[in-house]
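Working notes for the structure below.
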Amino acid sequence: MNHPLLDVTRRLGGIAYGGDYNPEQWPRETWHEDVRLMREAGVNLVTVGVFSWSRIQPRPDTFDWTLLDEVLDLLHEHGIAVDLATPTAAPPPWFTRRHPDARPVTASGTRLAHGSRQVFCPSSPDYARAADTVVEALAARYGDHPAVVMWHVHNEWGNHNALCYCDTSAAAFRTWLRQRFGSLDALNAAWGTDFWSQRYGDWDEIDPPRETTAFRNPGQELDYRRFSSDALLTRHRAESAILRRIAPELPLTTNVMGTLEKKIDGFAFASAGDFVSVDHYLPAADEDGHIDLALNADLARGMAAGRPWLLMEHSTSAVNWQGVNVAKRPGETRRTSLTHLARGADGLMFFQWRQSRAGAEKWHSAMLPHGGTDSRIWKEVKALGAELASLGAVTGTRVRADVAILFDWHTWWALELQARPTDRLTYLDLVRDWYEALWTQNITCDLVPPGSPGLSRYRAVLAPGLYLLTDNDAAHLTRYVEQGGHLAVGCLGGVADEHDRIRHGAHPGALREVLGLVVDEYLPLRDGEDALTEDGARVRHLAERVEPRGCATVLRYAASPEGGPARGGPAVTRHTFGGGTAWYTAGRLPVPALRDLVRTVCREAGAEPVLAAPPGLEAVRRTDEDHSYLFLINHTEEPMTVSVAGVALAGTEIASGQALVPPGGVAVVREDRAPSTPDEPAPAAGDHLQGATA
């Protein structure tokens, strides 16, 4: 069965390439120059209409389609397809003036003013009616336009208004809580409201977790995060339902604002579209930014249940929203773009086509910069378009991984609430540590939720920072190990249930039996304080005092005072359980120590690197039943040589079985034969939500 994104790329004739196109910012004569240059650059898809609400509906009772009619016809005439956006991320001034109570409110009670984007409360019925009206009109007008090949629902849901604390949100929260808990007794038990005399006797007593005198109730805060994500998802589904009713043949997607964002539950949004799209921006000056890029891409692929996905936005050079907006170096746009392609993207889109002259994002780079065609950026954009046209055979192939990292937005929200053992542990830092340990060894991984039904196909599963765990997901992980899997759990794992209640008995709660140990005490470390292991690794931020209950100690803390508060105790353990093995790290190990650990875990599990390569050379493989494409990405300033068997498609020449990858370069090789791949297919889109926290 075809995947909707594959249907789109087939219509385009290959990899989707283009960006946001905002013709309303430019005079009509510029549009003709735009389409000519798009053709010259190899652009085959542009996103239109993202911020056009005030243009197409200038007054509440007036629609003006003049601009969109002409632009869509012009694009179609020149063979450029359109990803048509619903404009609901930026309500026009007339809306907020007519409905001032629809503006979002902060936790401190400040109602935000018009003057930016996403100035709306996700629970506002006035916003819902206005948004539905413009979406209905847009779909009726252009649902059968020959230029339109897909719908782009909203833009970056929750990027600026993920949390609203107004009275409308409060009422919607109470409705959500009734549906979730059914009774006040169940809610009071889940939130532990007998602490600090918070027990509720009436639903109307419950408010959002607004600013208060001391710590807020953590169960209430966690559920407010869930409610807020669901409120945005409700709007996404409402718009999607209108588009599907009027133009059911067109696939739809929404661009999640960076998978490494805390604002919404990415897995939930992934299951609500026909395929996954993400935006990705990283600080250009971050020397390890390429690792975060790979992590972001692998999470996007995990959200897509292993299927190809679309990079909806990234930048050709500098962005506009950092303190210091560093420009990308020559060649960096090609390298970052092809890295996304290597890790499963079937389309590479930018914000935006033509760099703005005015407005808040005029200093954000674009495909066609202020300097026009006589600029480095334009030349690189044009060269990239030509190269992508030669790589179209890659579309539809998949990245196969033998290793999974468990990723969970609910755990992220819970771990970073107030009053934890330490505020020095952030969820992304823990995930990044374990991911980097894999990345530096070219061991490919998927990022999937703890309840993923396809877990059994992975030879090894890593669980960093899995503080919050449902009973079902804990049982799922236990079965995985019993049936022969290899599980490695990071510090603070399995401590709390889905309501952020600490589990009965000794830590680590739901994972005590499978890990074969108890944690006697968590031992936060001060800034600058380390706990040394026997082999010299320096544990930061958190150590743990562990007592084995059947596990073997693989690595200990030093017996000397340098071992810190856990001196002499286990730092890494291994437990044979059923047919498999469970590992545990009793503290935040540094990346080199984690690298040694995951190497051992993967070797025992039979999970192999893509290839043995020198440090700094990233290797990723995409395959289908007949072909294998090897991507080699050089992140160093020195040329690297790799043994390969195949045909060079881009970025290298092969001589005597050796591919030379230049400094900062990317080589793509079609290998002579595809390596063996797992027989079991990736789970269907949306299946990965089964068993996930509500």
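Following the order of the structure tokens, chains are lettered A, B, ..., residues in each are numbered from 1, and ligands are numbered from 1.
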Find the residues around segment 32-42 of chain A up to 9 Å (only C-alpha atoms counted), leave out those fewer than 3 positions away in its own chain, and share them as a PyMOL selection string.
chain A and resi 17-18+23+28-29+74-75+78-80+353-354+368+373+378-379+381-386+388-389
Residues of segment 185-227 of chain A that have any atom at most 7 Å from an atom of segment 414-423 of chain A: could you tabulate them with the shortest-distance atom pair and the distance in Å to one decimal, using only C-alpha atoms, ordered by chain and increasing number, as a Markdown table?
| residue | atom | partner | partner_atom | distance |
| --- | --- | --- | --- | --- |
| A:Phe215 | CA | A:Gln418 | CA | 6.7 |
| A:Pro218 | CA | A:Leu417 | CA | 6.7 |
| A:Leu222 | CA | A:Ala414 | CA | 6.1 |
Alpha helix (DSSP H) per DSSP on the backbone: members of segment 127-192 of chain A, as JSON, numbers by chain:
{"A": [127, 128, 129, 130, 131, 132, 133, 134, 135, 136, 137, 138, 139, 140, 141, 142, 167, 168, 169, 170, 171, 172, 173, 174, 175, 176, 177, 178, 179, 180, 181, 184, 185, 186, 187, 188, 189, 190, 191]}
With N, CA, C and O atoms retained, write the just-selected residues as a short mmCIF file (atom, residue, chain, number, x, y, z; two decimals), in the first residue's frame.
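The result, written out as out-v6.cif:
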data_model
loop_
_atom_site.label_atom_id
_atom_site.label_comp_id
_atom_site.auth_asym_id
_atom_site.auth_seq_id
_atom_site.Cartn_x
_atom_site.Cartn_y
_atom_site.Cartn_z
N TYR A 127 -12.70 31.60 18.54
CA TYR A 127 -11.62 31.26 17.61
C TYR A 127 -12.00 30.03 16.79
O TYR A 127 -11.77 30.00 15.57
N ALA A 128 -12.57 29.02 17.41
CA ALA A 128 -12.93 27.80 16.69
C ALA A 128 -13.90 28.11 15.55
O ALA A 128 -13.72 27.61 14.43
N ARG A 129 -14.90 28.94 15.82
CA ARG A 129 -15.87 29.28 14.77
C ARG A 129 -15.20 30.04 13.63
O ARG A 129 -15.44 29.76 12.45
N ALA A 130 -14.36 31.01 13.97
CA ALA A 130 -13.69 31.80 12.94
C ALA A 130 -12.73 30.94 12.12
O ALA A 130 -12.67 31.05 10.89
N ALA A 131 -11.99 30.09 12.79
CA ALA A 131 -11.04 29.22 12.09
C ALA A 131 -11.76 28.25 11.18
O ALA A 131 -11.37 28.04 10.01
N ASP A 132 -12.83 27.64 11.68
CA ASP A 132 -13.58 26.70 10.85
C ASP A 132 -14.16 27.39 9.62
O ASP A 132 -14.21 26.81 8.52
N THR A 133 -14.59 28.61 9.79
CA THR A 133 -15.18 29.35 8.66
C THR A 133 -14.17 29.57 7.55
O THR A 133 -14.45 29.34 6.37
N VAL A 134 -12.96 30.02 7.91
CA VAL A 134 -11.98 30.31 6.87
C VAL A 134 -11.44 29.02 6.27
O VAL A 134 -11.17 28.95 5.06
N VAL A 135 -11.32 27.96 7.05
CA VAL A 135 -10.85 26.69 6.51
C VAL A 135 -11.88 26.12 5.53
O VAL A 135 -11.53 25.63 4.44
N GLU A 136 -13.15 26.19 5.90
CA GLU A 136 -14.22 25.70 5.02
C GLU A 136 -14.21 26.46 3.69
O GLU A 136 -14.31 25.85 2.61
N ALA A 137 -14.07 27.76 3.76
CA ALA A 137 -14.07 28.56 2.54
C ALA A 137 -12.84 28.26 1.68
O ALA A 137 -12.93 28.16 0.45
N LEU A 138 -11.70 28.12 2.31
CA LEU A 138 -10.46 27.81 1.59
C LEU A 138 -10.56 26.47 0.88
O LEU A 138 -10.19 26.34 -0.30
N ALA A 139 -11.04 25.46 1.61
CA ALA A 139 -11.14 24.12 1.03
C ALA A 139 -12.13 24.09 -0.13
O ALA A 139 -11.89 23.43 -1.16
N ALA A 140 -13.26 24.78 0.03
CA ALA A 140 -14.26 24.80 -1.03
C ALA A 140 -13.71 25.49 -2.28
O ALA A 140 -14.03 25.11 -3.42
N ARG A 141 -12.89 26.51 -2.08
CA ARG A 141 -12.35 27.27 -3.21
C ARG A 141 -11.25 26.50 -3.95
O ARG A 141 -11.20 26.51 -5.19
N TYR A 142 -10.37 25.82 -3.20
CA TYR A 142 -9.17 25.28 -3.83
C TYR A 142 -8.99 23.77 -3.67
O TYR A 142 -7.95 23.24 -4.06
N ASP A 167 -10.12 31.99 31.81
CA ASP A 167 -11.30 31.32 32.38
C ASP A 167 -11.93 30.34 31.39
O ASP A 167 -12.49 29.32 31.80
N THR A 168 -11.85 30.65 30.09
CA THR A 168 -12.36 29.70 29.09
C THR A 168 -11.56 28.41 29.13
O THR A 168 -12.13 27.31 29.08
N SER A 169 -10.24 28.54 29.25
CA SER A 169 -9.39 27.35 29.37
C SER A 169 -9.70 26.60 30.66
O SER A 169 -9.68 25.36 30.70
N ALA A 170 -9.97 27.33 31.72
CA ALA A 170 -10.29 26.69 33.00
C ALA A 170 -11.55 25.83 32.87
O ALA A 170 -11.59 24.69 33.35
N ALA A 171 -12.57 26.37 32.22
CA ALA A 171 -13.80 25.59 32.05
C ALA A 171 -13.56 24.36 31.18
O ALA A 171 -14.07 23.27 31.46
N ALA A 172 -12.78 24.54 30.11
CA ALA A 172 -12.47 23.39 29.24
C ALA A 172 -11.63 22.35 29.98
O ALA A 172 -11.79 21.14 29.76
N PHE A 173 -10.74 22.80 30.84
CA PHE A 173 -9.93 21.89 31.65
C PHE A 173 -10.82 21.04 32.55
O PHE A 173 -10.61 19.82 32.68
N ARG A 174 -11.81 21.64 33.16
CA ARG A 174 -12.71 20.87 34.03
C ARG A 174 -13.46 19.80 33.23
O ARG A 174 -13.63 18.67 33.71
N THR A 175 -13.91 20.16 32.04
CA THR A 175 -14.57 19.17 31.18
C THR A 175 -13.63 18.03 30.84
O THR A 175 -14.00 16.85 30.89
N TRP A 176 -12.40 18.36 30.51
CA TRP A 176 -11.38 17.36 30.18
C TRP A 176 -11.12 16.44 31.38
O TRP A 176 -11.00 15.22 31.24
N LEU A 177 -11.07 17.03 32.57
CA LEU A 177 -10.82 16.25 33.79
C LEU A 177 -11.98 15.30 34.08
O LEU A 177 -11.77 14.15 34.51
N ARG A 178 -13.21 15.76 33.88
CA ARG A 178 -14.36 14.87 34.08
C ARG A 178 -14.26 13.65 33.17
O ARG A 178 -14.53 12.51 33.59
N GLN A 179 -13.88 13.89 31.92
CA GLN A 179 -13.76 12.78 30.99
C GLN A 179 -12.60 11.86 31.35
O GLN A 179 -12.68 10.63 31.16
N ARG A 180 -11.55 12.41 31.89
CA ARG A 180 -10.36 11.61 32.22
C ARG A 180 -10.56 10.78 33.48
O ARG A 180 -10.20 9.61 33.53
N PHE A 181 -11.14 11.38 34.52
CA PHE A 181 -11.21 10.73 35.82
C PHE A 181 -12.60 10.20 36.17
O PHE A 181 -12.71 9.25 36.96
N LEU A 184 -14.60 12.98 41.23
CA LEU A 184 -13.67 13.78 42.02
C LEU A 184 -12.82 12.90 42.93
O LEU A 184 -11.66 13.23 43.21
N ASP A 185 -13.38 11.79 43.41
CA ASP A 185 -12.58 10.89 44.25
C ASP A 185 -11.37 10.37 43.48
O ASP A 185 -10.25 10.31 44.02
N ALA A 186 -11.58 10.01 42.21
CA ALA A 186 -10.47 9.51 41.40
C ALA A 186 -9.45 10.62 41.15
O ALA A 186 -8.24 10.38 41.19
N LEU A 187 -9.93 11.83 40.88
CA LEU A 187 -9.01 12.95 40.67
C LEU A 187 -8.22 13.26 41.94
O LEU A 187 -6.99 13.44 41.89
N ASN A 188 -8.90 13.32 43.07
CA ASN A 188 -8.21 13.61 44.33
C ASN A 188 -7.14 12.57 44.64
O ASN A 188 -6.05 12.89 45.12
N ALA A 189 -7.45 11.31 44.35
CA ALA A 189 -6.46 10.25 44.59
C ALA A 189 -5.27 10.40 43.65
O ALA A 189 -4.11 10.25 44.05
N ALA A 190 -5.54 10.72 42.38
CA ALA A 190 -4.46 10.85 41.39
C ALA A 190 -3.55 12.03 41.71
O ALA A 190 -2.33 11.94 41.55
N TRP A 191 -4.12 13.13 42.15
CA TRP A 191 -3.33 14.32 42.41
C TRP A 191 -2.80 14.39 43.84
O TRP A 191 -2.01 15.29 44.15
#
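Counting only C-alpha atoms and comparing A:Glu221, A:Pro464, A:Gly664, A:Ala659, the residue that lies closest to Glu436 of chain A is A:Pro464.
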Close residues, Met349 of chain A itself excluded, 7 Å, only C-alpha atoms, min 2 positions apart in chain, as number ranges by chain:
A: 17-19, 311-314, 347
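Proximity to Leu260 of chain A was assessed for A:Thr234, A:Asn296, A:Ser337, A:Gln658 counting only C-alpha atoms; the smallest distance is recorded for A:Asn296.
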Would you list the contacts of Val546 of chain A as an MDAnalysis selection string, taking every protein, DNA or RNA residue within 9 Å and counting only C-alpha atoms, but skipping same-chain residues closer than 5 positions in sequence?
chainID A and resid 517:522 566 569:571 586
If you count only C-alpha atoms, which residues fall within 9 Å of Leu299 of chain A, apart from same-chain ones fewer than 6 positions away, as a PDB file with all heavy atoms, in the first residue's frame?
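Saved the output as out.pdb:
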ATOM      1  N   THR A 259      10.879  18.538  16.668  1.00  0.00           N
ATOM      2  CA  THR A 259      10.504  17.398  17.494  1.00  0.00           C
ATOM      3  C   THR A 259      11.074  17.522  18.903  1.00  0.00           C
ATOM      4  O   THR A 259      10.512  16.987  19.850  1.00  0.00           O
ATOM      5  CB  THR A 259      11.003  16.100  16.856  1.00  0.00           C
ATOM      6  OG1 THR A 259      12.410  16.215  16.616  1.00  0.00           O
ATOM      7  CG2 THR A 259      10.293  15.826  15.545  1.00  0.00           C
ATOM      8  N   LEU A 260      12.174  18.229  19.061  1.00  0.00           N
ATOM      9  CA  LEU A 260      12.779  18.391  20.385  1.00  0.00           C
ATOM     10  C   LEU A 260      12.205  19.616  21.084  1.00  0.00           C
ATOM     11  O   LEU A 260      12.927  20.436  21.645  1.00  0.00           O
ATOM     12  CB  LEU A 260      14.298  18.486  20.254  1.00  0.00           C
ATOM     13  CG  LEU A 260      14.969  17.268  19.605  1.00  0.00           C
ATOM     14  CD1 LEU A 260      16.470  17.458  19.516  1.00  0.00           C
ATOM     15  CD2 LEU A 260      14.637  15.996  20.367  1.00  0.00           C
ATOM     16  N   PHE A 407      11.266   7.426  24.045  1.00  0.00           N
ATOM     17  CA  PHE A 407      11.077   8.872  24.167  1.00  0.00           C
ATOM     18  C   PHE A 407       9.622   9.121  24.531  1.00  0.00           C
ATOM     19  O   PHE A 407       8.723   8.517  23.945  1.00  0.00           O
ATOM     20  CB  PHE A 407      11.418   9.567  22.847  1.00  0.00           C
ATOM     21  CG  PHE A 407      11.525  11.064  22.963  1.00  0.00           C
ATOM     22  CD1 PHE A 407      12.743  11.665  23.212  1.00  0.00           C
ATOM     23  CD2 PHE A 407      10.408  11.874  22.831  1.00  0.00           C
ATOM     24  CE1 PHE A 407      12.858  13.044  23.324  1.00  0.00           C
ATOM     25  CE2 PHE A 407      10.495  13.253  22.949  1.00  0.00           C
ATOM     26  CZ  PHE A 407      11.734  13.836  23.188  1.00  0.00           C
ATOM     27  N   ASP A 446      15.949   4.131  16.380  1.00  0.00           N
ATOM     28  CA  ASP A 446      14.653   4.801  16.291  1.00  0.00           C
ATOM     29  C   ASP A 446      14.317   5.358  17.661  1.00  0.00           C
ATOM     30  O   ASP A 446      14.718   4.795  18.686  1.00  0.00           O
ATOM     31  CB  ASP A 446      13.557   3.823  15.867  1.00  0.00           C
ATOM     32  CG  ASP A 446      13.721   3.326  14.441  1.00  0.00           C
ATOM     33  OD1 ASP A 446      14.328   4.042  13.624  1.00  0.00           O
ATOM     34  OD2 ASP A 446      13.234   2.217  14.149  1.00  0.00           O
ATOM     35  N   LEU A 447      13.561   6.444  17.704  1.00  0.00           N
ATOM     36  CA  LEU A 447      13.035   6.958  18.967  1.00  0.00           C
ATOM     37  C   LEU A 447      11.543   6.704  18.979  1.00  0.00           C
ATOM     38  O   LEU A 447      10.809   7.203  18.120  1.00  0.00           O
ATOM     39  CB  LEU A 447      13.345   8.446  19.131  1.00  0.00           C
ATOM     40  CG  LEU A 447      14.811   8.706  19.507  1.00  0.00           C
ATOM     41  CD1 LEU A 447      15.646   9.015  18.289  1.00  0.00           C
ATOM     42  CD2 LEU A 447      14.927   9.818  20.535  1.00  0.00           C
ATOM     43  N   VAL A 448      11.101   5.903  19.941  1.00  0.00           N
ATOM     44  CA  VAL A 448       9.720   5.425  19.974  1.00  0.00           C
ATOM     45  C   VAL A 448       9.171   5.562  21.391  1.00  0.00           C
ATOM     46  O   VAL A 448       9.934   5.616  22.352  1.00  0.00           O
ATOM     47  CB  VAL A 448       9.629   3.959  19.506  1.00  0.00           C
ATOM     48  CG1 VAL A 448      10.148   3.816  18.076  1.00  0.00           C
ATOM     49  CG2 VAL A 448      10.396   3.030  20.440  1.00  0.00           C
TER      50      VAL A 448
END
